[in-house]
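Here's start_34.tsv, which has TSV, C-alpha atoms:
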chain	number	residue	atom	x	y	z
C	1	MET	CA	0.00	0.00	0.00
C	2	GLU	CA	2.85	2.37	0.84
C	3	VAL	CA	4.54	1.66	-2.50
C	4	SER	CA	1.40	2.53	-4.45
C	5	GLU	CA	1.04	5.78	-2.54
C	6	HIS	CA	4.63	6.72	-3.39
C	7	VAL	CA	4.04	5.89	-7.06
C	8	LEU	CA	0.87	7.99	-7.09
C	9	SER	CA	2.65	10.90	-5.42
C	10	ALA	CA	5.54	10.67	-7.89
C	11	GLY	CA	3.11	10.63	-10.80
C	12	ARG	CA	1.35	13.69	-9.47
C	13	ALA	CA	4.71	15.44	-9.03
C	14	VAL	CA	5.63	14.79	-12.66
C	15	LEU	CA	2.20	16.01	-13.79
C	16	ASP	CA	2.53	19.24	-11.82
C	17	MET	CA	5.99	19.85	-13.25
C	18	VAL	CA	4.63	19.42	-16.76
C	19	GLU	CA	1.75	21.78	-15.96
C	20	ARG	CA	4.13	24.46	-14.72
C	21	GLU	CA	6.43	24.36	-17.75
C	22	TRP	CA	5.10	22.84	-20.95
C	23	GLN	CA	7.89	22.19	-23.41
C	24	PRO	CA	7.62	22.25	-27.22
C	25	LEU	CA	7.04	18.94	-28.97
C	26	SER	CA	10.05	16.66	-29.28
C	27	PRO	CA	11.27	15.77	-32.83
C	28	THR	CA	9.62	12.35	-32.56
C	29	GLU	CA	6.32	13.80	-31.41
C	30	LEU	CA	6.49	16.43	-34.15
C	31	ASP	CA	7.01	13.75	-36.80
C	32	GLN	CA	4.05	11.82	-35.46
C	33	ARG	CA	1.90	14.95	-35.51
C	34	LEU	CA	2.94	15.72	-39.11
C	35	ASP	CA	2.24	12.15	-40.19
C	36	GLN	CA	-1.22	12.36	-38.66
C	37	ALA	CA	-1.90	15.69	-40.37
C	38	VAL	CA	-0.87	14.35	-43.77
C	39	GLU	CA	-3.06	11.27	-43.28
C	40	GLU	CA	-6.03	13.52	-42.55
C	41	ILE	CA	-5.28	15.55	-45.69
C	42	LEU	CA	-5.05	12.43	-47.82
C	43	GLU	CA	-8.31	11.07	-46.45
C	44	ALA	CA	-10.14	14.33	-47.08
C	45	ASP	CA	-8.70	14.59	-50.58
C	46	LEU	CA	-9.64	11.03	-51.50
C	47	ILE	CA	-13.20	11.66	-50.41
C	48	ALA	CA	-13.27	14.83	-52.50
C	49	ARG	CA	-11.96	12.87	-55.49
C	50	LEU	CA	-14.93	10.54	-55.42
C	51	LYS	CA	-17.17	13.58	-55.83
C	52	THR	CA	-15.20	15.78	-58.21
C	53	GLN	CA	-12.68	13.34	-59.82
C	54	PRO	CA	-9.79	15.80	-60.23
C	55	HIS	CA	-6.57	15.07	-62.15
C	56	PRO	CA	-4.83	11.90	-60.80
C	57	THR	CA	-1.38	13.54	-60.55
C	58	VAL	CA	-2.56	15.32	-57.41
C	59	TYR	CA	-2.62	12.03	-55.55
C	60	VAL	CA	0.79	11.03	-56.84
C	61	GLN	CA	2.18	14.20	-55.23
C	62	PHE	CA	0.44	13.38	-51.97
C	63	LEU	CA	1.77	9.82	-51.98
C	64	GLN	CA	5.29	11.07	-52.63
C	65	SER	CA	5.04	13.51	-49.74
C	66	GLN	CA	3.76	10.74	-47.47
C	67	THR	CA	6.90	8.65	-48.00
C	68	ASN	CA	9.16	11.45	-46.76
C	69	VAL	CA	7.26	13.79	-44.46
C	70	GLN	CA	8.73	17.27	-43.99
C	71	PRO	CA	7.46	20.23	-41.98
C	72	GLN	CA	7.02	22.19	-45.24
C	73	VAL	CA	4.17	19.86	-46.22
C	74	LEU	CA	1.81	21.63	-43.85
C	75	GLN	CA	2.59	24.96	-45.45
C	76	THR	CA	1.55	23.86	-48.95
C	77	THR	CA	-1.53	21.82	-48.17
C	78	THR	CA	-5.12	22.81	-47.76
C	79	SER	CA	-6.50	24.96	-44.97
C	80	SER	CA	-7.81	21.90	-43.11
C	81	SER	CA	-4.39	21.68	-41.44
C	82	ALA	CA	-3.85	25.36	-40.69
C	83	PRO	CA	-0.47	25.93	-38.98
C	84	GLU	CA	-0.32	27.29	-35.46
C	85	GLU	CA	1.26	30.55	-36.55
C	86	GLU	CA	-1.98	31.60	-38.24
C	87	THR	CA	-5.22	32.67	-36.59
C	88	PRO	CA	-7.46	29.55	-36.49
C	89	GLU	CA	-11.21	29.60	-36.43
C	90	PRO	CA	-13.10	27.25	-34.11
C	91	ARG	CA	-14.46	24.21	-35.94
C	92	GLU	CA	-17.95	24.44	-34.51
C	93	PRO	CA	-20.15	27.16	-33.00
C	94	LEU	CA	-20.11	27.52	-29.23
C	95	GLU	CA	-23.53	27.83	-27.67
C	96	THR	CA	-22.14	28.75	-24.25
C	97	VAL	CA	-20.04	31.70	-25.42
C	98	ASP	CA	-21.66	34.79	-26.92
C	99	SER	CA	-19.83	36.91	-29.49
C	100	ALA	CA	-20.90	40.14	-27.77
C	101	ALA	CA	-19.31	38.93	-24.52
C	102	VAL	CA	-16.12	37.97	-26.36
C	103	LYS	CA	-15.90	41.44	-27.89
C	104	HIS	CA	-16.58	43.14	-24.54
C	105	ILE	CA	-13.89	41.11	-22.73
C	106	THR	CA	-11.45	41.70	-25.61
C	107	ASP	CA	-12.03	45.45	-25.34
C	108	LEU	CA	-11.48	45.30	-21.57
C	109	LEU	CA	-8.14	43.54	-22.01
C	110	GLN	CA	-7.05	45.96	-24.70
C	111	SER	CA	-7.90	48.95	-22.52
C	112	SER	CA	-6.31	47.53	-19.37
C	113	LYS	CA	-3.01	48.90	-18.10
C	114	SER	CA	-1.55	45.42	-17.69
C	115	ARG	CA	1.57	44.94	-19.78
C	116	ALA	CA	1.60	41.18	-19.32
C	117	ARG	CA	2.06	39.44	-22.65
C	118	MET	CA	-0.27	36.65	-23.69
C	119	ALA	CA	1.85	33.50	-23.63
C	120	GLY	CA	1.86	30.71	-26.16
C	121	ARG	CA	3.78	30.04	-29.37
C	122	ALA	CA	0.68	30.37	-31.53
C	123	ARG	CA	-0.05	33.93	-32.58
C	124	LEU	CA	-3.71	33.84	-31.77
C	125	SER	CA	-5.66	37.03	-32.10
C	126	LEU	CA	-6.84	38.40	-28.78
C	127	SER	CA	-10.49	37.65	-29.59
C	128	HIS	CA	-9.67	34.00	-30.33
C	129	THR	CA	-7.63	33.82	-27.12
C	130	VAL	CA	-10.68	35.05	-25.21
C	131	LEU	CA	-12.91	32.56	-27.04
C	132	LEU	CA	-10.54	29.66	-26.31
C	133	SER	CA	-10.29	30.56	-22.61
C	134	LEU	CA	-14.04	31.03	-22.20
C	135	THR	CA	-14.52	27.63	-23.80
C	136	LEU	CA	-12.28	26.01	-21.19
C	137	LEU	CA	-14.10	27.84	-18.38
C	138	SER	CA	-17.64	27.37	-19.65
C	139	GLU	CA	-17.51	23.76	-20.77
C	140	ARG	CA	-16.30	20.59	-19.07
C	141	VAL	CA	-13.97	19.80	-21.96
C	142	SER	CA	-10.44	18.44	-22.04
C	143	TYR	CA	-7.38	20.15	-23.48
C	144	ARG	CA	-7.38	17.44	-26.16
C	145	SER	CA	-10.87	18.39	-27.28
C	146	VAL	CA	-10.03	22.10	-27.38
C	147	SER	CA	-6.79	21.23	-29.19
C	148	ARG	CA	-8.78	19.67	-32.04
C	149	ARG	CA	-11.26	22.53	-32.10
C	150	PHE	CA	-8.68	25.32	-32.28
C	151	HIS	CA	-5.89	23.43	-34.12
C	152	LEU	CA	-3.36	24.00	-31.34
C	153	GLU	CA	-1.06	21.83	-29.25
C	154	LYS	CA	-2.36	20.88	-25.82
C	155	GLY	CA	0.63	22.36	-24.03
C	156	ASN	CA	0.23	25.61	-25.91
C	157	ILE	CA	-3.45	25.81	-24.92
C	158	HIS	CA	-2.48	25.30	-21.28
C	159	ARG	CA	-0.03	28.19	-21.47
C	160	ILE	CA	-2.44	30.51	-23.29
C	161	PHE	CA	-5.25	29.80	-20.81
C	162	PHE	CA	-3.26	30.61	-17.68
C	163	SER	CA	-1.84	33.71	-19.32
C	164	PHE	CA	-5.43	34.79	-19.97
C	165	CYS	CA	-6.32	34.16	-16.32
C	166	GLU	CA	-3.40	36.33	-15.24
C	167	ARG	CA	-4.63	39.20	-17.42
C	168	ILE	CA	-8.20	38.88	-16.15
C	169	ASN	CA	-6.99	38.78	-12.53
C	170	SER	CA	-5.40	42.19	-13.11
C	171	LEU	CA	-8.94	43.55	-13.67
C	172	GLU	CA	-10.11	42.50	-10.20
C	173	GLU	CA	-9.98	45.99	-8.68
C	174	ARG	CA	-11.97	47.43	-11.58
C	175	GLN	CA	-14.65	44.73	-11.70
C	176	ILE	CA	-15.06	43.57	-8.08
C	177	ARG	CA	-15.36	46.87	-6.22
C	178	TRP	CA	-16.67	47.83	-2.82
C	179	PRO	CA	-19.23	50.61	-3.44
C	180	VAL	CA	-18.55	53.98	-1.86
C	181	ASP	CA	-20.30	57.36	-1.60
C	182	SER	CA	-23.28	57.72	-3.97
C	183	GLU	CA	-22.67	54.28	-5.47
C	184	ALA	CA	-23.04	52.72	-2.02
C	185	LEU	CA	-26.29	54.59	-1.35
C	186	GLU	CA	-27.73	53.34	-4.64
C	187	ALA	CA	-26.76	49.77	-3.75
C	188	LEU	CA	-28.74	49.74	-0.48
C	189	PHE	CA	-31.94	47.70	-0.32
C	190	PRO	CA	-34.54	47.08	2.39
C	191	LEU	CA	-34.01	44.55	5.14
C	192	CYS	CA	-37.72	43.76	5.38
C	193	SER	CA	-38.33	42.96	1.69
C	194	PRO	CA	-35.24	42.87	-0.53
C	195	GLU	CA	-37.32	42.36	-3.69
C	196	LYS	CA	-39.36	45.55	-3.22
C	197	GLU	CA	-38.49	49.21	-3.42
C	198	GLN	CA	-39.86	50.70	-0.23
C	199	GLU	CA	-38.75	52.85	2.64
C	200	GLU	CA	-37.47	51.10	5.71
C	201	LEU	CA	-38.94	51.48	9.15
C	202	PRO	CA	-37.14	54.00	11.36
C	203	GLY	CA	-34.38	52.23	13.23
C	204	VAL	CA	-34.23	49.30	10.79
C	205	PRO	CA	-30.99	49.36	8.72
C	206	GLN	CA	-30.76	48.92	4.99
C	207	VAL	CA	-28.63	46.16	3.51
C	208	LEU	CA	-25.49	46.82	1.48
C	209	GLY	CA	-24.80	43.20	0.60
C	210	VAL	CA	-25.11	39.52	1.51
C	211	LEU	CA	-22.04	37.74	2.89
C	212	GLY	CA	-21.48	34.01	2.42
C	213	HIS	CA	-19.21	31.39	0.93
C	214	THR	CA	-19.04	28.27	-1.18
C	215	ARG	CA	-16.43	25.55	-1.83
C	216	ILE	CA	-14.67	24.81	-5.12
C	217	PRO	CA	-13.32	21.22	-5.27
C	218	ILE	CA	-9.72	20.96	-6.50
C	219	ARG	CA	-7.10	18.25	-6.81
C	220	LEU	CA	-4.99	17.84	-3.68
C	221	PRO	CA	-1.41	19.18	-3.78
C	222	ILE	CA	1.50	16.73	-3.90
C	223	GLY	CA	1.77	14.54	-0.82
C	224	LYS	CA	-1.79	15.12	0.39
C	225	HIS	CA	-3.68	12.66	-1.79
C	226	ASP	CA	-6.27	10.32	-0.41
C	227	VAL	CA	-8.96	8.10	-1.82
C	228	GLU	CA	-11.53	10.91	-1.96
C	229	SER	CA	-9.25	13.18	-4.02
C	230	THR	CA	-8.95	10.66	-6.87
C	231	VAL	CA	-12.68	10.88	-7.65
C	232	PRO	CA	-13.00	13.46	-10.48
C	233	GLU	CA	-16.66	14.34	-9.88
C	234	VAL	CA	-17.16	15.75	-6.40
C	235	LYS	CA	-20.84	16.30	-5.61
C	236	ARG	CA	-20.58	16.59	-1.85
C	237	MET	CA	-17.61	17.52	0.31
C	238	LYS	CA	-17.32	14.82	2.95
C	239	LYS	CA	-16.14	15.55	6.46
C	240	GLU	CA	-13.28	13.04	6.20
C	241	ALA	CA	-11.89	14.65	3.03
C	242	HIS	CA	-8.65	16.59	3.37
C	243	PRO	CA	-9.47	20.30	3.94
C	244	ASP	CA	-7.16	21.40	1.12
C	245	SER	CA	-9.14	19.37	-1.42
C	246	TRP	CA	-11.20	22.51	-2.02
C	247	LEU	CA	-10.92	26.29	-2.05
C	248	ASN	CA	-13.02	28.52	0.17
C	249	LEU	CA	-14.66	31.25	-1.90
C	250	GLN	CA	-16.00	34.04	0.35
C	251	LEU	CA	-18.28	36.51	-1.42
C	252	ILE	CA	-20.44	39.56	-0.83
C	253	CYS	CA	-23.05	40.28	-3.48
C	254	ASP	CA	-25.62	43.02	-3.94
C	255	ARG	CA	-29.29	42.37	-4.65
C	256	LYS	CA	-28.55	41.98	-8.39
C	257	GLY	CA	-26.05	39.19	-7.71
C	258	ARG	CA	-22.99	41.31	-8.50
C	259	PHE	CA	-19.92	40.50	-6.42
C	260	LEU	CA	-18.69	43.37	-4.25
C	261	HIS	CA	-16.05	41.40	-2.38
C	262	CYS	CA	-14.16	38.19	-3.14
C	263	ARG	CA	-11.71	36.30	-0.92
C	264	ILE	CA	-10.24	32.97	-2.02
C	265	SER	CA	-8.35	30.79	0.45
C	266	LYS	CA	-7.36	27.19	1.06
C	267	GLY	CA	-9.91	24.84	2.55
C	268	SER	CA	-7.91	24.68	5.78
C	269	ASP	CA	-8.37	28.44	6.24
C	270	VAL	CA	-11.08	28.91	8.88
C	271	ASP	CA	-11.24	32.71	8.72
C	272	ARG	CA	-15.02	32.80	8.10
C	273	GLY	CA	-15.38	36.59	7.98
C	274	ILE	CA	-12.94	37.50	10.76
C	275	THR	CA	-10.65	39.49	8.45
C	276	LEU	CA	-13.61	41.32	6.97
C	277	ARG	CA	-14.98	42.10	10.43
C	278	ASP	CA	-11.68	43.64	11.52
C	279	LYS	CA	-11.44	45.69	8.31
C	280	LEU	CA	-14.92	47.15	8.78
C	281	LYS	CA	-14.12	48.09	12.37
C	282	GLN	CA	-10.95	49.85	11.27
C	283	HIS	CA	-12.70	51.60	8.37
C	284	PRO	CA	-16.29	52.32	9.42
C	285	GLU	CA	-16.63	54.71	6.48
C	286	LEU	CA	-16.97	51.68	4.20
C	287	MET	CA	-20.50	51.17	5.51
C	288	PRO	CA	-23.04	53.94	4.78
C	289	SER	CA	-24.83	55.29	7.82
C	290	GLY	CA	-27.69	53.04	8.88
C	291	SER	CA	-26.58	50.10	6.73
C	292	CYS	CA	-25.39	46.54	7.38
C	293	LEU	CA	-24.33	43.28	5.83
C	294	VAL	CA	-26.31	40.09	6.44
C	295	ALA	CA	-24.72	36.66	6.79
C	296	ARG	CA	-25.67	33.16	7.92
C	297	ALA	CA	-24.85	31.78	11.33
C	298	GLY	CA	-21.17	30.99	11.67
C	299	TYR	CA	-20.08	34.49	10.69
C	300	PRO	CA	-19.24	37.08	13.37
C	301	LEU	CA	-22.14	39.11	14.73
C	302	THR	CA	-21.22	42.80	14.85
C	303	ALA	CA	-22.89	46.16	14.43
C	304	GLN	CA	-21.97	45.95	10.71
C	305	ILE	CA	-22.72	42.23	10.15
C	306	LEU	CA	-26.09	40.81	11.22
C	307	THR	CA	-26.53	37.06	11.59
C	308	PRO	CA	-29.58	34.92	12.53
C	309	TYR	CA	-30.40	33.78	16.05
C	310	SER	CA	-29.29	30.26	16.90
C	311	GLY	CA	-30.49	27.84	19.56
C	312	SER	CA	-33.99	28.01	21.05
C	313	GLN	CA	-36.04	30.74	19.40
C	314	GLY	CA	-39.20	32.60	20.32
C	315	PRO	CA	-41.59	34.30	17.88
C	316	LYS	CA	-39.49	37.45	17.81
C	317	GLU	CA	-36.32	35.56	16.88
C	318	GLU	CA	-38.15	33.42	14.31
C	319	LEU	CA	-39.50	36.52	12.59
C	320	PHE	CA	-36.02	38.04	12.39
C	321	ASN	CA	-34.50	34.82	11.02
C	322	LYS	CA	-37.26	34.48	8.43
C	323	MET	CA	-36.61	38.03	7.30
C	324	LEU	CA	-32.92	37.22	6.68
C	325	GLU	CA	-33.68	34.04	4.69
C	326	GLY	CA	-34.87	36.05	1.70
C	327	HIS	CA	-31.50	37.76	1.57
C	328	PHE	CA	-29.55	34.51	1.75
C	329	HIS	CA	-31.33	33.28	-1.36
C	330	ILE	CA	-29.78	36.20	-3.28
C	331	LEU	CA	-26.27	34.92	-2.62
C	332	ASP	CA	-27.25	31.28	-3.19
C	333	GLN	CA	-28.64	32.20	-6.61
C	334	ALA	CA	-25.53	34.23	-7.51
C	335	VAL	CA	-23.28	31.27	-6.65
C	336	ALA	CA	-25.55	28.90	-8.61
C	337	ASN	CA	-25.33	31.23	-11.62
C	338	LEU	CA	-21.54	31.34	-11.29
C	339	ARG	CA	-21.31	27.55	-11.35
C	340	ALA	CA	-23.83	27.23	-14.18
C	341	ARG	CA	-21.89	29.57	-16.45
C	342	PHE	CA	-18.42	28.31	-15.56
C	343	GLN	CA	-18.77	24.52	-15.52
C	344	ARG	CA	-15.08	24.01	-14.77
C	345	LEU	CA	-15.68	25.19	-11.21
C	346	LYS	CA	-17.54	21.95	-10.49
C	347	TYR	CA	-14.12	20.35	-10.13
C	348	LEU	CA	-10.73	21.94	-10.82
C	349	ASP	CA	-8.23	19.23	-11.70
C	350	ILE	CA	-5.38	21.49	-10.57
C	351	GLY	CA	-3.00	20.59	-7.74
C	352	ASN	CA	-1.28	23.97	-7.68
C	353	TYR	CA	-3.03	26.36	-5.27
C	354	ASP	CA	-1.95	29.59	-6.99
C	355	ARG	CA	-3.18	28.42	-10.38
C	356	ALA	CA	-6.43	27.06	-8.98
C	357	ARG	CA	-7.00	30.38	-7.25
C	358	ALA	CA	-6.29	32.26	-10.48
C	359	VAL	CA	-8.96	30.26	-12.33
C	360	VAL	CA	-11.57	30.85	-9.61
C	361	LEU	CA	-10.82	34.57	-9.46
C	362	THR	CA	-11.08	34.74	-13.26
C	363	ALA	CA	-14.56	33.22	-13.09
C	364	CYS	CA	-15.64	35.72	-10.39
C	365	VAL	CA	-14.35	38.71	-12.36
C	366	LEU	CA	-16.03	37.48	-15.55
C	367	HIS	CA	-19.26	36.89	-13.60
C	368	ASN	CA	-19.50	40.66	-13.08
C	369	VAL	CA	-18.45	41.34	-16.66
C	370	PHE	CA	-21.28	39.18	-18.01
C	371	LEU	CA	-23.72	41.04	-15.75
C	372	ASP	CA	-22.48	44.32	-17.24
C	373	VAL	CA	-23.39	43.15	-20.74
C	374	GLY	CA	-26.77	41.88	-19.56
C	375	GLN	CA	-26.06	38.16	-19.94
C	376	VAL	CA	-27.37	36.15	-17.01
C	377	ILE	CA	-27.52	32.35	-16.76
C	378	GLN	CA	-29.94	31.12	-14.12
C	379	GLY	CA	-28.47	28.15	-12.27
C	380	ASP	CA	-30.34	25.75	-10.04
C	381	VAL	CA	-29.70	26.38	-6.36
C	382	GLU	CA	-28.62	23.08	-4.84
C	383	LYS	CA	-28.63	22.14	-1.19
C	384	GLU	CA	-24.85	22.25	-1.16
C	385	GLU	CA	-24.97	25.97	-2.00
C	386	ALA	CA	-26.84	26.82	1.20
C	387	ILE	CA	-23.95	26.31	3.60
C	388	THR	CA	-25.49	27.19	6.96
C	389	GLY	CA	-23.49	27.12	10.16
C	390	GLU	CA	-25.37	25.50	13.02
C	391	VAL	CA	-23.23	27.20	15.65
C	392	GLU	CA	-23.22	30.97	16.03
C	393	GLY	CA	-19.91	32.64	15.30
C	394	GLU	CA	-18.11	35.22	17.39
C	395	VAL	CA	-20.33	37.98	18.77
C	396	ASP	CA	-19.72	41.39	20.30
C	397	ASP	CA	-21.92	43.51	22.52
C	398	GLN	CA	-22.72	46.08	19.86
C	399	GLY	CA	-23.86	43.34	17.48
C	400	ILE	CA	-26.10	41.74	20.11
C	401	GLN	CA	-27.68	45.08	21.03
C	402	ARG	CA	-28.32	46.09	17.43
C	403	ARG	CA	-29.83	42.73	16.46
C	404	ASP	CA	-32.11	42.72	19.51
C	405	ALA	CA	-33.25	46.29	18.85
C	406	ILE	CA	-34.07	45.49	15.21
C	407	SER	CA	-35.91	42.28	16.05
C	408	ASP	CA	-37.95	44.06	18.76
C	409	LEU	CA	-38.96	46.81	16.35
C	410	LEU	CA	-39.91	44.35	13.60
C	411	PHE	CA	-41.95	42.21	15.95
C	412	LYS	CA	-43.83	45.20	17.38
C	413	THR	CA	-44.57	46.51	13.89
C	414	VAL	CA	-45.90	43.20	12.62
C	415	ASP	CA	-47.91	42.69	15.80
C	416	SER	CA	-49.54	46.14	15.49
C	417	ILE	CA	-50.39	45.53	11.82
C	418	SER	CA	-51.97	42.17	12.58
C	419	ARG	CA	-54.21	43.84	15.15
Take the structure in this file and express it as structure tokens.
Amino acid sequence: MEVSEHVLSAGRAVLDMVEREWQPLSPTELDQRLDQAVEEILEADLIARLKTQPHPTVYVQFLQSQTNVQPQVLQTTTSSSAPEEETPEPREPLETVDSAAVKHITDLLQSSKSRARMAGRARLSLSHTVLLSLTLLSERVSYRSVSRRFHLEKGNIHRIFFSFCERINSLEERQIRWPVDSEALEALFPLCSPEKEQEELPGVPQVLGVLGHTRIPIRLPIGKHDVESTVPEVKRMKKEAHPDSWLNLQLICDRKGRFLHCRISKGSDVDRGITLRDKLKQHPELMPSGSCLVARAGYPLTAQILTPYSGSQGPKEELFNKMLEGHFHILDQAVANLRARFQRLKYLDIGNYDRARAVVLTACVLHNVFLDVGQVIQGDVEKEEAITGEVEGEVDDQGIQRRDAISDLLFKTVDSISR
């Protein structure tokens, strides 16, 4: 058993090394690739001959080239074997990627101040680079499949994709922004009924955003593999699984599902809003007067972050908790939409934490970009999305007093209306 574990770990180490630095094809591999390309050309030409019956000398030339394959063959043949140095077109239309979104993302990258160069030996146009990368994010497809579709080497696709993620990550501050001043006031929505535009009751705060988190399954780093991590399709994170077999994705979204805050950490990180709590205490100006964030139990209860009551509850506490549930659905739906659009987040077969984080952050940035262009995919909210802590997180006196005051006011108001 120990020997097999060492073999598996060694195999993973080699795989990660290859992922980090893809090398060009070896001469043997290049010859094999050229042979395969010529065979495809011959097959296509023979089929065309049956239909058009061109001059037979064409096939003599092909047969002569097949006996002594040279790289120049690909430069003189038909466009079905377009070389990598040209701009290839995808072989089939992509239903999951819209041309308007591709153009918008291309314009964003062109206007960005990042000077990072798109990697990869193929001179893809920027729009095709965006299309290729969105394909890998939006579909559960392999590099081999995308290689056939875009006429590129697998290793080159790997390099292009992570270079794209690096460029998109540089847009984080522009796309995932904490609202301030007038923008923050426009983002506020009622605590009583988030779906309606109405004035709040005096003393009841308005909500700036909904705080919560989800988990993104990834492949365990080298030396931390177990039986659970070898299963490619992870539908439920089991308690016995290694904590670093997923990433924690902490989010704050507004009522439209737009991300205002994004924090990505290893599964073993048990921060659960502590860093955010401390930041808000140090910078109270980030929260407009009379506003708050709402979060599920397990997050810290403060004057800025309101969480539900836990334990035994009376009618007053039940009413307050029920009022917060409508807000939690906003975040659950936003996370479901994120997963529905970017299918690769269902399981990231990446053992390198930095690269896995880069892919997740890319998806979060693009989530806001797609909202900007009016493209929304409605995902199904699964039970796994509603991660509810059974135990109340850290509390402070100001948080307890504010929550009690709000729940008292709500209960009195509802009681007077019912009378």
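CA of Asp408 (chain C) is found 9.9 Å from CA of Leu319 (chain C).
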Exercise for review: Find the residues around Gly203 (chain C) up to 10 Å (all atoms listed in the file counted), leave out those fewer than 2 positions away in its own chain, and share them as an MDAnalysis selection string.
Suggested key: chainID C and resid 200:201 205:206 290 402 405:406 409:410
Practice item. List every protein, DNA or RNA residue with an atom no more than 12 Å from (-25.6, 31.9, -4.4) in the file's coordinates, counting only C-alpha atoms, and format the result as a PyMOL selection string. Key: chain C and resi 210-215+249-259+326-340+378-387
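Interatomic distance, CA of Lys412 (chain C) to CA of Pro190 (chain C): 17.7 Å.
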Point to revise | Selected residue, from C:Ser112, C:Ser265, C:Ser289, C:Ser138, that lies nearest to Ile377 (chain C) when counting all atoms listed in the file | key: C:Ser138
Revision key, fill the gap. Atom pair CA of Val294 (chain C) + CA of Pro179 (chain C), distance 16.1 Å
Could you build a table of the residues in region 269-375 of chain C lying no more than 10 Å from region 96-106 of chain C, giving for each the nearest pair of atoms and their separation in Å rounded to one decimal place, using only C-alpha atoms, ordered by chain and ascending residue number, as a tab-separated table?
residue	atom	partner	partner_atom	distance
C:Arg341	CA	C:Thr96	CA	7.8
C:Phe342	CA	C:Thr96	CA	9.5
C:Leu366	CA	C:Ile105	CA	8.3
C:Val369	CA	C:Ile105	CA	7.6
C:Phe370	CA	C:Ala101	CA	6.8
C:Asp372	CA	C:His104	CA	9.5
C:Val373	CA	C:Ala101	CA	7.0
C:Gly374	CA	C:Ala101	CA	9.4
C:Gln375	CA	C:Ala101	CA	8.2
Practice item. Can you pull out every residue within 10 Å of Val180 (chain C), counting all atoms listed in the file, but drop anything in the same chain fewer than 5 positions away, and send it as a PyMOL selection string? Key: chain C and resi 185-187+285-288
I'd like the neighbourhood of Gly393 (chain C) as a compact mmCIF listing (two decimals) with C-alpha atoms, in the coordinates of the input, where a residue qualifies if any of its atoms comes within 6 Å (using only C-alpha atoms), though same-chain residues fewer than 6 positions away should be ignored.
# COMPACT_ATOMS: atom_id res chain seq x y z
CA GLY C 298 -21.17 30.99 11.67
CA TYR C 299 -20.08 34.49 10.69
CA PRO C 300 -19.24 37.08 13.37
